[in-house]
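As structure tokens, the structure follows; a few thoughts come after it.
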2 protein chains.
Amino acid sequence: MVTLAEVAQHAGVSASTVSYVLSGKRSISANTRQRVERSIRELGYHPNAGARALASSRSNIIALMIPLRTDMYVPVMMEIAIAVATAARTHGYDVLLLTGEEGPDAVRRVAGSGLADGMILMDVELDDERLPLLRATDQPSVLIGLPADTTGLTCVDLDFRATGALCVEHLAKQGHQDIAVIGEAPAVYERHTGFAERTLDGLRSRSRELGVRLLHRPCEGGYDAMAVTLARILDERPDTSGIIVQNESAVEPLLALLRQQGRAVPEDVSVVAICPDQVATQASVRLTSVAIPAQEMGRHAVEHLVAKFEGRGSDEVVLLAPELTVRGSTGPAPTRP
Amino acid sequence: MVTLAEVAQHAGVSASTVSYVLSGKRSISANTRQRVERSIRELGYHPNAGARALASSRSNIIALMIPLRTDMYVPVMMEIAIAVATAARTHGYDVLLLTGEEGPDAVRRVAGSGLADGMILMDVELDDERLPLLRATDQPSVLIGLPADTTGLTCVDLDFRATGALCVEHLAKQGHQDIAVIGEAPAVYERHTGFAERTLDGLRSRSRELGVRLLHRPCEGGYDAMAVTLARILDERPDTSGIIVQNESAVEPLLALLRQQGRAVPEDVSVVAICPDQVATQASVRLTSVAIPAQEMGRHAVEHLVAKFEGRGSDEVVLLAPELTVRGSTGPAPTRP
DNA sequence: ATAGGTTGTCGAAGCGCTTCGATACCGAAT
DNA sequence: ATTCGGTATCGAAGCGCTTCGACAACCTAT
């Protein structure tokens with residue numbers, strides 16, 4: 001293991017000089033810099049992370065807390081995680097992966113040990129138990145998702161209220177009067193995950209404004225659950241002509257069921273999905289959808305966090321504007337007989 | 001930030017004593033231990049990770065390198081990652097998330113800086129460029145996946161050869177004579193990802209032994225690609241009665257297409273999938289499948305790595321035995337007219 | 001009673017780096 | 001010629017922890 005001191009000796013300078021070459025915090029003559037850089041290369045020197053962290057009290061690590069559950073929007077989580085890791089590297093940070101399992105303890109542990117310089121929390125619930133701690137410690141952090149009370153916090157999320165509104169608008173504009181919403185699994189609502197409730201909010205208030213009828217039903221993923229849910233919906237509102245789905249694992253079952261019942265998409269029923277683009281384009285029908293901008297969310301989160309490290313950056317809530325992409329699954333409402 | 005020294009003072013002992021209470025490396029009287037533990041609790045002490053790493057030259061961090069691509073078996077990757085993180089915690093380790101992006105450089109960086117005590121590599125290619133480096137440095141590591149040359153390496157993977165064999169056997173036993181394999185995207189084979197080729201190997205050799213006809217076709221995910229692939233297969237081998245799918249994102253499209261063509265599963269066509277259980281159980285038909293034991297792989301990898309840290313543990317290749325679960329999608333071959 | 005072992009605790013020496021004066025040198029301004 | 005400000009470098013003091021050797025204090029076997 002090559003040390004700073006060895007590099008210094010090899011280059012014929014003092015250790016501090018090498019350190020300054022590395023950090024650029026003091027000016028170094030071009031000549032010296034080159035000699036040092038050459039020695040670094042020749043010896044294959046890599047600064048020791050622990051020593052660095054100890055001396056500078058900065059670890060250059062960002063902790064990312066992802067939910068333990070693998071039952072929900074997994075690809076989105078993964079995409080965010082990868083975006084975070086990638087973005088972090090471009091700023092010189094590495095990412096520490098924490099699972100939600102430890103809950104608040106993880107926050108304490110990371111903040112207390114100086115393991116990470118700050119953290120990014122995913123899957124934030126409306127009244128998340130990690131938040132008080134986050135406010136108490138001065139641990140810089142960014143949430144992906146929106147809790148009920150955002151004071152003193154920085155949050156990044158898709159504007160799910162607007163997303164809901166956008167979906168309703170799109171269908172209403174095409175003349176649909178009876179719209180059904182197939183939501184996430186009941187557990188998601190019971191857990192009071194913010195995004196689900198906010199979407200619902202947007203859906204409801206916009207449909208009220210536009211005077212269309214809206215029926216919301218939670219739904220577990222999978223074919224069977226979807227079959228039951230769809231049957232109930234059509235039973236209760238036989239005139240349903242527009243469906244909004246916010247549950248990736250219900251998308252394909254829904255399409256299969258509609259096909260099976262002889263309901264053509266989009267001639268008889270229009271379908272709008274809230275899901276990653278990949279799901280929308282790979283489905284058996286190209287789906288009109290509002291994408292979840294996972295990459296962008298990850299990147300934003302990192303950039304806000306890094307800004308905090310550098311003293312710039314304030315507490316704020318960033319809601320990314322939803323974009324609805326029209327594909328083949330929506331069209332004008334059928335004229336009633 | 002509370003330090004060891006402060007705890008020591010508060011408890012009226014020396015710093016080293018506190019350290020030994022924490023590590024248990026020397027015996028401490030029950031009395032002293034309790035006083036120290038009490039002080040730790042009262043002061044809310046957390047050992048500083050950097051200082052610890054520096055002094056002990058152990059970071060208690062495991063680096064996990066996941067592929068950057070999000071186009072392939074994402075849920076499996078995620079499940080492995082979470083299993084790794086969870087298992088690591090039970091051994092007192094945290095997980096550092098590296099994306100494949102940096103490639104070999106990441107290996108150098110991590111090994112050189114002492115950032116992590118060891119690493120787990122996912123998505124290993126047959127002739128992976130990170131392997132020479134891994135062999136060169138004495139960085140403890142475990143691969144998830146199997147490269148061409150495993151000398152000096154520890155690997156954990158599903159036994160994909162046996163998996164392929166198992167699928168063929170199951171279908172052959174039910175009288176199927178013409179079996180089609182819907183594989184991963186062509187890019188996966190071009191990249192020489194080990195698991196895809198090994199599966200194919202197992203499929204081919206077993207079908208030769210059993211005297212059944214096998215047709216393999218790579219396939220991009222999604223409905224359209226699947227439609228084309230299926231049409232070609234049925235064109236070339238109209239008597240195909242068994243289908244083996246190894247591409248999660250082709251599963252649902254395949255089922256939809258079969259349904260659409262009036263081919264009943266399993267009466268006309270039997271389908272075996274190689275995919276996570278979740279996919280198999282949530283599909284529109286309960287699928288007979290060989291599961292990819294993501295959790296187990298992650299856990300194994302961590303345990304082997306930790307064993308290496310502790311001096312136990314040797315280089316070896318662990319191939320997990322596949323298990324085929326019979327669900328509703330396979331049955332006896334139809335009798336030919 | 002004495003040598004020899006245990007057991008429990010302490011002090012001090014680092015681990016490899018950053019960072020803060022201090023110092024030495026230079027050219028420019030007086 | 002003298003002073004000043006800037007630039008380039010060095011030395012030393014830590015950062016908070018682990019770990020080793022030393023040393024009491026005590027117990028046991030002679």
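Every chain in the structure tokens has a letter given in the order shown (A, B, ...), and although residue numbers restart at 1 in each chain, ligands are simply numbered from 1 in the order shown.
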Could you give me, as JSON lines, a per-residue list for chain D showing, wherever an atom lies at most 7 Å from an atom of chain A, the closest pair of atoms and their distance in Å to one decimal, using only C-alpha atoms (C1' of nucleotides) and sorting by chain then residue number from low to high?
```
{"residue": "D:DA8", "atom": "C1'", "partner": "A:Ile28", "partner_atom": "CA", "distance": 6.1}
{"residue": "D:DT9", "atom": "C1'", "partner": "A:Thr17", "partner_atom": "CA", "distance": 6.9}
{"residue": "D:DC10", "atom": "C1'", "partner": "A:Ser14", "partner_atom": "CA", "distance": 6.4}
{"residue": "D:DC15", "atom": "C1'", "partner": "A:Ala55", "partner_atom": "CA", "distance": 4.7}
```
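With chain A fixed and chain B moved onto it by least squares, the Cα RMSD over every paired residue reaches 0.2 Å.
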Can you list, as number ranges by chain, every protein, DNA or RNA residue that comes within 12 Å of C:DT6 when you count only C-alpha atoms (C1' of nucleotides), leaving out same-chain residues fewer than 5 positions away? B: 27; D: 25-28
What residues in stretch 95-324 of chain B get the DSSP label strand (DSSP E or B)? Please answer as a ChimeraX atom specification. /B:95-99,118-121,125,141-144,155-158,178-182,193,213-217,242-245,270-274,288-290,317-320,324
Give the residues of chain C that lie within 9 Å of chain B; count only C-alpha atoms (C1' of nucleotides), and format the answer as a PyMOL selection string. chain C and resi 7-11+14-16
Test item: residues at most 12 Å from A:Asn247, only C-alpha atoms (C1' of nucleotides), excluding those fewer than 3 positions along its chain, as a ChimeraX atom specification: /A:71-74,76,181-186,188,196,217-222,225-226,244,250-254,272-276,279-280,292
Could you please take those selected residues and save N, CA, C and O atoms as a short mmCIF file (atom, residue, chain, number, x, y, z; two decimals), in the first residue's frame?
```cif
data_model
loop_
_atom_site.label_atom_id
_atom_site.label_comp_id
_atom_site.auth_asym_id
_atom_site.auth_seq_id
_atom_site.Cartn_x
_atom_site.Cartn_y
_atom_site.Cartn_z
N ASP A 71 -41.80 -5.34 -3.50
CA ASP A 71 -43.10 -5.66 -4.07
C ASP A 71 -43.67 -4.51 -4.90
O ASP A 71 -44.75 -4.57 -5.40
N MET A 72 -42.89 -3.45 -5.01
CA MET A 72 -43.49 -2.24 -5.56
C MET A 72 -42.51 -1.51 -6.46
O MET A 72 -41.33 -1.38 -6.12
N TYR A 73 -43.00 -1.05 -7.56
CA TYR A 73 -42.21 -0.22 -8.50
C TYR A 73 -40.70 -0.47 -8.44
O TYR A 73 -39.92 0.46 -8.35
N VAL A 74 -40.32 -1.71 -8.53
CA VAL A 74 -38.91 -2.06 -8.45
C VAL A 74 -38.05 -1.41 -9.52
O VAL A 74 -37.00 -0.85 -9.22
N VAL A 76 -38.35 1.25 -11.11
CA VAL A 76 -38.17 2.68 -10.87
C VAL A 76 -37.13 2.90 -9.78
O VAL A 76 -36.22 3.73 -9.92
N VAL A 181 -60.06 4.47 -11.98
CA VAL A 181 -58.65 4.52 -11.63
C VAL A 181 -58.28 3.22 -10.95
O VAL A 181 -58.88 2.83 -9.95
N ILE A 182 -57.31 2.54 -11.52
CA ILE A 182 -56.81 1.32 -10.90
C ILE A 182 -55.52 1.69 -10.19
O ILE A 182 -54.52 2.03 -10.82
N GLY A 183 -55.58 1.65 -8.87
CA GLY A 183 -54.47 2.20 -8.09
C GLY A 183 -53.49 1.15 -7.62
O GLY A 183 -53.51 0.01 -8.08
N GLU A 184 -52.63 1.57 -6.75
CA GLU A 184 -51.64 0.68 -6.17
C GLU A 184 -52.34 -0.30 -5.21
O GLU A 184 -53.53 -0.17 -4.95
N ALA A 185 -51.58 -1.21 -4.69
CA ALA A 185 -52.12 -2.18 -3.74
C ALA A 185 -52.65 -1.45 -2.51
O ALA A 185 -52.14 -0.39 -2.14
N PRO A 186 -53.69 -1.99 -1.90
CA PRO A 186 -54.27 -1.34 -0.72
C PRO A 186 -53.22 -1.00 0.32
O PRO A 186 -53.27 0.07 0.95
N VAL A 188 -50.37 0.07 0.03
CA VAL A 188 -49.67 1.32 -0.27
C VAL A 188 -50.45 2.51 0.28
O VAL A 188 -49.88 3.46 0.81
N ALA A 196 -49.11 8.12 -3.80
CA ALA A 196 -50.39 7.51 -4.16
C ALA A 196 -51.53 8.45 -3.79
O ALA A 196 -52.46 8.68 -4.58
N ARG A 217 -60.20 2.43 -7.43
CA ARG A 217 -60.10 1.14 -6.76
C ARG A 217 -58.64 0.73 -6.63
O ARG A 217 -57.94 0.66 -7.65
N PRO A 218 -58.18 0.49 -5.42
CA PRO A 218 -56.82 -0.05 -5.26
C PRO A 218 -56.77 -1.43 -5.88
O PRO A 218 -57.82 -2.06 -6.04
N CYS A 219 -55.60 -1.91 -6.19
CA CYS A 219 -55.50 -3.24 -6.79
C CYS A 219 -54.11 -3.83 -6.59
O CYS A 219 -53.10 -3.20 -6.91
N GLU A 220 -54.06 -5.01 -6.05
CA GLU A 220 -52.80 -5.75 -5.98
C GLU A 220 -52.36 -5.99 -7.42
O GLU A 220 -53.17 -6.00 -8.33
N GLY A 221 -51.10 -6.28 -7.62
CA GLY A 221 -50.68 -6.61 -8.97
C GLY A 221 -51.19 -7.98 -9.35
O GLY A 221 -51.86 -8.65 -8.56
N GLY A 222 -50.91 -8.39 -10.55
CA GLY A 222 -51.22 -9.76 -10.95
C GLY A 222 -52.57 -9.89 -11.64
O GLY A 222 -53.41 -8.99 -11.61
N ALA A 225 -56.05 -10.66 -9.21
CA ALA A 225 -56.52 -9.47 -8.49
C ALA A 225 -57.12 -8.48 -9.49
O ALA A 225 -58.17 -7.89 -9.25
N MET A 226 -56.47 -8.35 -10.61
CA MET A 226 -56.93 -7.41 -11.63
C MET A 226 -58.30 -7.84 -12.16
O MET A 226 -59.18 -7.00 -12.39
N ILE A 244 -57.44 4.69 -15.88
CA ILE A 244 -56.11 5.18 -15.53
C ILE A 244 -55.48 4.15 -14.60
O ILE A 244 -56.09 3.78 -13.60
N ALA A 250 -50.18 -4.24 -12.77
CA ALA A 250 -51.58 -4.44 -13.14
C ALA A 250 -51.78 -4.14 -14.62
O ALA A 250 -52.80 -4.49 -15.21
N VAL A 251 -50.80 -3.50 -15.22
CA VAL A 251 -50.95 -3.03 -16.59
C VAL A 251 -51.22 -4.17 -17.58
O VAL A 251 -52.25 -4.18 -18.26
N GLU A 252 -50.33 -5.11 -17.61
CA GLU A 252 -50.45 -6.17 -18.61
C GLU A 252 -51.68 -7.05 -18.34
O GLU A 252 -52.43 -7.35 -19.28
N PRO A 253 -51.92 -7.42 -17.10
CA PRO A 253 -53.16 -8.15 -16.81
C PRO A 253 -54.40 -7.39 -17.28
O PRO A 253 -55.30 -7.98 -17.88
N LEU A 254 -54.42 -6.11 -17.06
CA LEU A 254 -55.58 -5.32 -17.48
C LEU A 254 -55.79 -5.44 -18.99
O LEU A 254 -56.91 -5.69 -19.46
N VAL A 272 -54.80 4.97 -19.81
CA VAL A 272 -53.64 5.80 -19.53
C VAL A 272 -52.88 5.18 -18.37
O VAL A 272 -53.49 4.80 -17.37
N ALA A 273 -51.58 5.05 -18.52
CA ALA A 273 -50.79 4.46 -17.44
C ALA A 273 -49.87 5.49 -16.81
O ALA A 273 -49.44 6.44 -17.46
N ILE A 274 -49.61 5.31 -15.55
CA ILE A 274 -48.58 6.10 -14.87
C ILE A 274 -47.49 5.10 -14.54
O ILE A 274 -47.62 4.28 -13.63
N CYS A 275 -46.44 5.11 -15.33
CA CYS A 275 -45.44 4.05 -15.23
C CYS A 275 -44.18 4.45 -15.99
O CYS A 275 -44.19 5.40 -16.74
N PRO A 276 -43.10 3.71 -15.78
CA PRO A 276 -41.88 4.01 -16.54
C PRO A 276 -42.13 3.84 -18.03
O PRO A 276 -42.96 3.02 -18.43
N VAL A 279 -42.14 0.28 -19.56
CA VAL A 279 -43.36 -0.51 -19.43
C VAL A 279 -44.37 -0.08 -20.48
O VAL A 279 -45.00 -0.91 -21.14
N ALA A 280 -44.50 1.22 -20.67
CA ALA A 280 -45.49 1.74 -21.60
C ALA A 280 -45.20 1.33 -23.04
O ALA A 280 -46.12 1.03 -23.81
N ILE A 292 -42.48 8.17 -15.16
CA ILE A 292 -41.90 8.52 -13.88
C ILE A 292 -40.41 8.78 -14.14
O ILE A 292 -39.67 7.88 -14.50
#
```
Quick one: everything within 12 Å of B:Leu146, counting only C-alpha atoms (C1' of nucleotides), minus sequence neighbours fewer than 6 positions away in the same chain. Send it as a PyMOL selection string. chain B and resi 121-128+131+153-161+192-199+316-320
Using 6 Å as the limit and counting only C-alpha atoms, can you tabulate each residue of chain B that touches chain A, with its shortest atom-to-atom distance in Å and the two atoms involved, as a Markdown table?
```
| residue | atom | partner | partner_atom | distance |
| --- | --- | --- | --- | --- |
| B:His46 | CA | A:Gly112 | CA | 5.3 |
| B:Pro47 | CA | A:Ser113 | CA | 5.5 |
| B:Asn48 | CA | A:Ser113 | CA | 4.4 |
| B:Ala49 | CA | A:Ser113 | CA | 5.3 |
| B:Gly50 | CA | A:Gly50 | CA | 4.4 |
| B:Ala51 | CA | A:Leu54 | CA | 5.3 |
| B:Ala53 | CA | A:Gly50 | CA | 5.1 |
| B:Leu54 | CA | A:Gly50 | CA | 4.9 |
| B:Val95 | CA | A:Leu97 | CA | 5.4 |
| B:Leu96 | CA | A:Leu96 | CA | 4.4 |
| B:Leu97 | CA | A:Val95 | CA | 5.4 |
| B:Gly112 | CA | A:His46 | CA | 5.3 |
| B:Ser113 | CA | A:Asn48 | CA | 4.4 |
| B:Gly114 | CA | A:Asn48 | CA | 6.0 |
| B:Leu115 | CA | A:Ala49 | CA | 5.5 |
| B:Gly222 | CA | A:Gln282 | CA | 4.4 |
| B:Tyr223 | CA | A:Ser284 | CA | 5.0 |
| B:Gln282 | CA | A:Gly222 | CA | 4.4 |
| B:Ser284 | CA | A:Tyr223 | CA | 4.9 |
```
Could you name the residues that touch C:DC26 at 12 Å or less, counting only C-alpha atoms (C1' of nucleotides), but leaving out those on the same chain fewer than 5 positions away, as a ChimeraX atom specification? /D:4-8
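Every protein, DNA or RNA residue with an atom at most 7 Å from B:Arg130, where only C-alpha atoms (C1' of nucleotides) count and chain neighbours fewer than 4 positions away do not, is listed here: Gly103, Pro104 and Leu134 of chain B.
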Distance criterion (only C-alpha atoms (C1' of nucleotides)): nearest to D:DG14 out of C:DA13, C:DC20, C:DA28, C:DA1: C:DC20
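For the atom pair formed by atom C1' of D:DA12 and atom CA of A:Gly12, the distance is 18.6 Å, given to one decimal.
Going from atom CA of B:Ser39 over to atom C1' of D:DT19, you cover 22.4 Å.
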Could you go through stretch 125-199 of chain B and tell me which residues DSSP, when run on the backbone, assigns to alpha helix (DSSP H), listing them as number ranges by chain? B: 131-136, 160-173, 186-190, 194-199
Selection to disk with N, CA and C atoms, as a PDB file, in the first residue's frame:
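Written output follows (out.pdb):
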```pdb
ATOM      1  N   LEU B 131     -11.531  -9.146 -14.216  1.00  0.00           N
ATOM      2  CA  LEU B 131     -10.978 -10.312 -13.543  1.00  0.00           C
ATOM      3  C   LEU B 131      -9.457 -10.300 -13.381  1.00  0.00           C
ATOM      4  N   PRO B 132      -8.712  -9.917 -14.422  1.00  0.00           N
ATOM      5  CA  PRO B 132      -7.253  -9.893 -14.246  1.00  0.00           C
ATOM      6  C   PRO B 132      -6.853  -9.034 -13.050  1.00  0.00           C
ATOM      7  N   LEU B 133      -7.500  -7.886 -12.939  1.00  0.00           N
ATOM      8  CA  LEU B 133      -7.222  -6.978 -11.841  1.00  0.00           C
ATOM      9  C   LEU B 133      -7.514  -7.609 -10.493  1.00  0.00           C
ATOM     10  N   LEU B 134      -8.629  -8.291 -10.449  1.00  0.00           N
ATOM     11  CA  LEU B 134      -9.062  -8.928  -9.212  1.00  0.00           C
ATOM     12  C   LEU B 134      -8.035  -9.961  -8.780  1.00  0.00           C
ATOM     13  N   ARG B 135      -7.503 -10.667  -9.769  1.00  0.00           N
ATOM     14  CA  ARG B 135      -6.497 -11.677  -9.455  1.00  0.00           C
ATOM     15  C   ARG B 135      -5.197 -11.009  -9.037  1.00  0.00           C
ATOM     16  N   ALA B 136      -4.887  -9.910  -9.671  1.00  0.00           N
ATOM     17  CA  ALA B 136      -3.620  -9.218  -9.397  1.00  0.00           C
ATOM     18  C   ALA B 136      -3.606  -8.621  -7.987  1.00  0.00           C
ATOM     19  N   PHE B 160     -26.988 -22.874 -14.145  1.00  0.00           N
ATOM     20  CA  PHE B 160     -27.843 -22.655 -15.316  1.00  0.00           C
ATOM     21  C   PHE B 160     -27.825 -23.831 -16.285  1.00  0.00           C
ATOM     22  N   ARG B 161     -26.724 -24.543 -16.296  1.00  0.00           N
ATOM     23  CA  ARG B 161     -26.668 -25.756 -17.126  1.00  0.00           C
ATOM     24  C   ARG B 161     -27.744 -26.716 -16.629  1.00  0.00           C
ATOM     25  N   ALA B 162     -27.735 -26.945 -15.342  1.00  0.00           N
ATOM     26  CA  ALA B 162     -28.727 -27.849 -14.758  1.00  0.00           C
ATOM     27  C   ALA B 162     -30.134 -27.288 -14.943  1.00  0.00           C
ATOM     28  N   THR B 163     -30.235 -25.968 -14.907  1.00  0.00           N
ATOM     29  CA  THR B 163     -31.537 -25.337 -15.098  1.00  0.00           C
ATOM     30  C   THR B 163     -32.090 -25.663 -16.479  1.00  0.00           C
ATOM     31  N   GLY B 164     -31.243 -25.496 -17.470  1.00  0.00           N
ATOM     32  CA  GLY B 164     -31.647 -25.807 -18.836  1.00  0.00           C
ATOM     33  C   GLY B 164     -32.060 -27.265 -18.944  1.00  0.00           C
ATOM     34  N   ALA B 165     -31.224 -28.120 -18.384  1.00  0.00           N
ATOM     35  CA  ALA B 165     -31.494 -29.557 -18.442  1.00  0.00           C
ATOM     36  C   ALA B 165     -32.835 -29.867 -17.788  1.00  0.00           C
ATOM     37  N   LEU B 166     -33.049 -29.260 -16.649  1.00  0.00           N
ATOM     38  CA  LEU B 166     -34.261 -29.502 -15.879  1.00  0.00           C
ATOM     39  C   LEU B 166     -35.520 -29.132 -16.669  1.00  0.00           C
ATOM     40  N   CYS B 167     -35.456 -28.022 -17.353  1.00  0.00           N
ATOM     41  CA  CYS B 167     -36.604 -27.572 -18.134  1.00  0.00           C
ATOM     42  C   CYS B 167     -36.923 -28.570 -19.248  1.00  0.00           C
ATOM     43  N   VAL B 168     -35.878 -28.972 -19.944  1.00  0.00           N
ATOM     44  CA  VAL B 168     -36.079 -29.920 -21.038  1.00  0.00           C
ATOM     45  C   VAL B 168     -36.649 -31.235 -20.506  1.00  0.00           C
ATOM     46  N   GLU B 169     -36.059 -31.716 -19.435  1.00  0.00           N
ATOM     47  CA  GLU B 169     -36.526 -32.957 -18.831  1.00  0.00           C
ATOM     48  C   GLU B 169     -38.010 -32.916 -18.515  1.00  0.00           C
ATOM     49  N   HIS B 170     -38.383 -31.835 -17.857  1.00  0.00           N
ATOM     50  CA  HIS B 170     -39.771 -31.706 -17.441  1.00  0.00           C
ATOM     51  C   HIS B 170     -40.714 -31.819 -18.638  1.00  0.00           C
ATOM     52  N   LEU B 171     -40.367 -31.128 -19.699  1.00  0.00           N
ATOM     53  CA  LEU B 171     -41.227 -31.157 -20.883  1.00  0.00           C
ATOM     54  C   LEU B 171     -41.169 -32.517 -21.574  1.00  0.00           C
ATOM     55  N   ALA B 172     -39.962 -33.049 -21.658  1.00  0.00           N
ATOM     56  CA  ALA B 172     -39.797 -34.336 -22.340  1.00  0.00           C
ATOM     57  C   ALA B 172     -40.601 -35.417 -21.622  1.00  0.00           C
ATOM     58  N   LYS B 173     -40.549 -35.363 -20.304  1.00  0.00           N
ATOM     59  CA  LYS B 173     -41.263 -36.358 -19.503  1.00  0.00           C
ATOM     60  C   LYS B 173     -42.764 -36.344 -19.794  1.00  0.00           C
ATOM     61  N   PRO B 186     -30.623 -10.683 -28.197  1.00  0.00           N
ATOM     62  CA  PRO B 186     -29.384 -11.054 -28.902  1.00  0.00           C
ATOM     63  C   PRO B 186     -28.149 -10.426 -28.270  1.00  0.00           C
ATOM     64  N   ALA B 187     -28.289  -9.193 -27.804  1.00  0.00           N
ATOM     65  CA  ALA B 187     -27.144  -8.487 -27.218  1.00  0.00           C
ATOM     66  C   ALA B 187     -26.546  -9.274 -26.058  1.00  0.00           C
ATOM     67  N   VAL B 188     -27.404  -9.963 -25.325  1.00  0.00           N
ATOM     68  CA  VAL B 188     -26.936 -10.718 -24.167  1.00  0.00           C
ATOM     69  C   VAL B 188     -25.993 -11.832 -24.613  1.00  0.00           C
ATOM     70  N   TYR B 189     -26.330 -12.461 -25.725  1.00  0.00           N
ATOM     71  CA  TYR B 189     -25.476 -13.538 -26.214  1.00  0.00           C
ATOM     72  C   TYR B 189     -24.199 -12.971 -26.821  1.00  0.00           C
ATOM     73  N   GLU B 190     -24.350 -11.863 -27.507  1.00  0.00           N
ATOM     74  CA  GLU B 190     -23.165 -11.248 -28.108  1.00  0.00           C
ATOM     75  C   GLU B 190     -22.165 -10.823 -27.042  1.00  0.00           C
ATOM     76  N   GLY B 194     -22.308 -15.228 -19.246  1.00  0.00           N
ATOM     77  CA  GLY B 194     -22.181 -16.646 -18.970  1.00  0.00           C
ATOM     78  C   GLY B 194     -23.490 -17.391 -18.826  1.00  0.00           C
ATOM     79  N   PHE B 195     -24.404 -16.820 -18.056  1.00  0.00           N
ATOM     80  CA  PHE B 195     -25.586 -17.590 -17.712  1.00  0.00           C
ATOM     81  C   PHE B 195     -26.415 -17.978 -18.934  1.00  0.00           C
ATOM     82  N   ALA B 196     -26.471 -17.099 -19.906  1.00  0.00           N
ATOM     83  CA  ALA B 196     -27.277 -17.378 -21.089  1.00  0.00           C
ATOM     84  C   ALA B 196     -26.683 -18.552 -21.873  1.00  0.00           C
ATOM     85  N   GLU B 197     -25.388 -18.533 -22.007  1.00  0.00           N
ATOM     86  CA  GLU B 197     -24.747 -19.602 -22.773  1.00  0.00           C
ATOM     87  C   GLU B 197     -24.811 -20.924 -22.024  1.00  0.00           C
ATOM     88  N   ARG B 198     -24.671 -20.849 -20.715  1.00  0.00           N
ATOM     89  CA  ARG B 198     -24.700 -22.095 -19.955  1.00  0.00           C
ATOM     90  C   ARG B 198     -26.091 -22.720 -19.971  1.00  0.00           C
ATOM     91  N   THR B 199     -27.095 -21.874 -19.924  1.00  0.00           N
ATOM     92  CA  THR B 199     -28.449 -22.400 -19.991  1.00  0.00           C
ATOM     93  C   THR B 199     -28.643 -23.143 -21.317  1.00  0.00           C
TER      94      THR B 199
END
```
